[in-house]
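Chemist: Shown below is the structure under consideration.
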Amino acid sequence: MKNIIKIIFLTFLTINAFAQESRELAIGQPNAIVDLRTHEGTALLKATWRSQNAEVIKAKFNAPGASDADPLLLYPTGKNIITNDITPKAGAADFNDSKWGAT
């Protein structure tokens, strides 16, 4: 009976060990680390923090609906609806934020 308990315990330990996932996001060491939250860090890179208030706008969208490629109704292939969105969207690298206020 003690051997069975030991085997069960070791099995659970092994399962937990393999359940952990680790990834290395960067290979090697960085050449420099700059903290952009500080005045010194932003001055070093000549960076400027800019901000703009977001605005909620109405936007056209499609509701989930039936299609040949979507049997689970997960994609917006249904009827046209109106939903909310935010503007501006500053995610693109070429986005021009030069008119935004510096913070």
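Starting from 1 in every chain, residues are counted up; chains themselves are A, B, ... following the order of the structure tokens, and ligands are numbered from 1 as listed.
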Find the residues around region 62-71 of chain A up to 10 Å (only C-alpha atoms counted), leave out those fewer than 2 positions away in its own chain, and share them as number ranges by chain.

Modeler: A: 60, 73-83

Chemist: Can I get the selection written as a compact mmCIF listing (two decimals), in the first residue's frame, with N, CA and C atoms?

Modeler:
# COMPACT_ATOMS: atom_id res chain seq x y z
N LYS A 60 -19.86 50.51 -37.57
CA LYS A 60 -20.56 49.40 -38.19
C LYS A 60 -19.78 48.12 -37.91
N LEU A 73 -20.43 29.81 -34.90
CA LEU A 73 -20.87 31.21 -34.78
C LEU A 73 -19.88 32.06 -33.99
N LEU A 74 -18.61 31.92 -34.32
CA LEU A 74 -17.58 32.67 -33.61
C LEU A 74 -17.13 33.92 -34.34
N TYR A 75 -17.37 34.01 -35.61
CA TYR A 75 -16.86 35.12 -36.41
C TYR A 75 -17.97 36.06 -36.83
N PRO A 76 -17.64 37.32 -37.08
CA PRO A 76 -18.67 38.30 -37.45
C PRO A 76 -19.12 38.14 -38.89
N THR A 77 -19.96 37.16 -39.13
CA THR A 77 -20.45 36.90 -40.49
C THR A 77 -21.96 37.08 -40.60
N GLY A 78 -22.58 37.57 -39.55
CA GLY A 78 -24.04 37.72 -39.51
C GLY A 78 -24.49 39.07 -40.01
N LYS A 79 -25.62 39.51 -39.50
CA LYS A 79 -26.23 40.75 -39.97
C LYS A 79 -25.42 41.98 -39.51
N ASN A 80 -25.61 43.08 -40.21
CA ASN A 80 -24.93 44.33 -39.87
C ASN A 80 -25.53 44.91 -38.60
N ILE A 81 -24.68 45.36 -37.70
CA ILE A 81 -25.12 46.00 -36.47
C ILE A 81 -24.28 47.24 -36.22
N ILE A 82 -24.70 48.05 -35.27
CA ILE A 82 -23.94 49.22 -34.84
C ILE A 82 -23.40 48.91 -33.45
N THR A 83 -22.11 49.16 -33.26
CA THR A 83 -21.47 48.91 -31.97
C THR A 83 -20.63 50.13 -31.60

Chemist: Can you tell me, as a list in words, what residues are no more than 10 Å from Asp85 (chain A) when counting only C-alpha atoms, ignoring any on the same chain fewer than 5 positions away?

Modeler: Ala54, Glu55, Val56, Ile57, Lys58, Ala59, Lys60 and Phe61 of chain A

Chemist: Could you take the residues named above and write them with C-alpha atoms, as an mmCIF file, in the first residue's frame?

Modeler:
data_model
loop_
_atom_site.group_PDB
_atom_site.id
_atom_site.type_symbol
_atom_site.label_atom_id
_atom_site.label_comp_id
_atom_site.auth_asym_id
_atom_site.auth_seq_id
_atom_site.Cartn_x
_atom_site.Cartn_y
_atom_site.Cartn_z
ATOM 1 C CA ALA A 54 -10.103 58.774 -26.337
ATOM 2 C CA GLU A 55 -13.597 59.182 -27.701
ATOM 3 C CA VAL A 56 -16.303 56.529 -28.007
ATOM 4 C CA ILE A 57 -17.851 56.490 -31.471
ATOM 5 C CA LYS A 58 -20.497 54.407 -33.232
ATOM 6 C CA ALA A 59 -19.108 51.903 -35.734
ATOM 7 C CA LYS A 60 -20.557 49.398 -38.187
ATOM 8 C CA PHE A 61 -19.888 45.736 -37.410
#

Chemist: Using DSSP on the backbone, list every residue of chain A that comes out as helix (DSSP H, G or I), and give them as a ChimeraX atom specification.

Modeler: /A:2-19,39-45

Chemist: Could you name the residues that touch Asn53 (chain A) at 10 Å or less, counting only C-alpha atoms, but leaving out those on the same chain fewer than 6 positions away, as a list in words?

Modeler: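 Selected residues are Thr87, Pro88, Trp100 and Gly101 of chain A.
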
Chemist: Write out as a list in words all residues of chain A that DSSP puts in strand (DSSP E or B) for this structure's backbone.

Modeler: Arg50, Ser51, Glu55, Val56, Ile57, Lys58, Ala59, Lys60, Phe61, Asn62, Ser67, Asp70, Asn80, Ile81, Ile82, Thr83, Asn84, Asp85, Ile86, Thr87, Gly101 and Ala102 of chain A
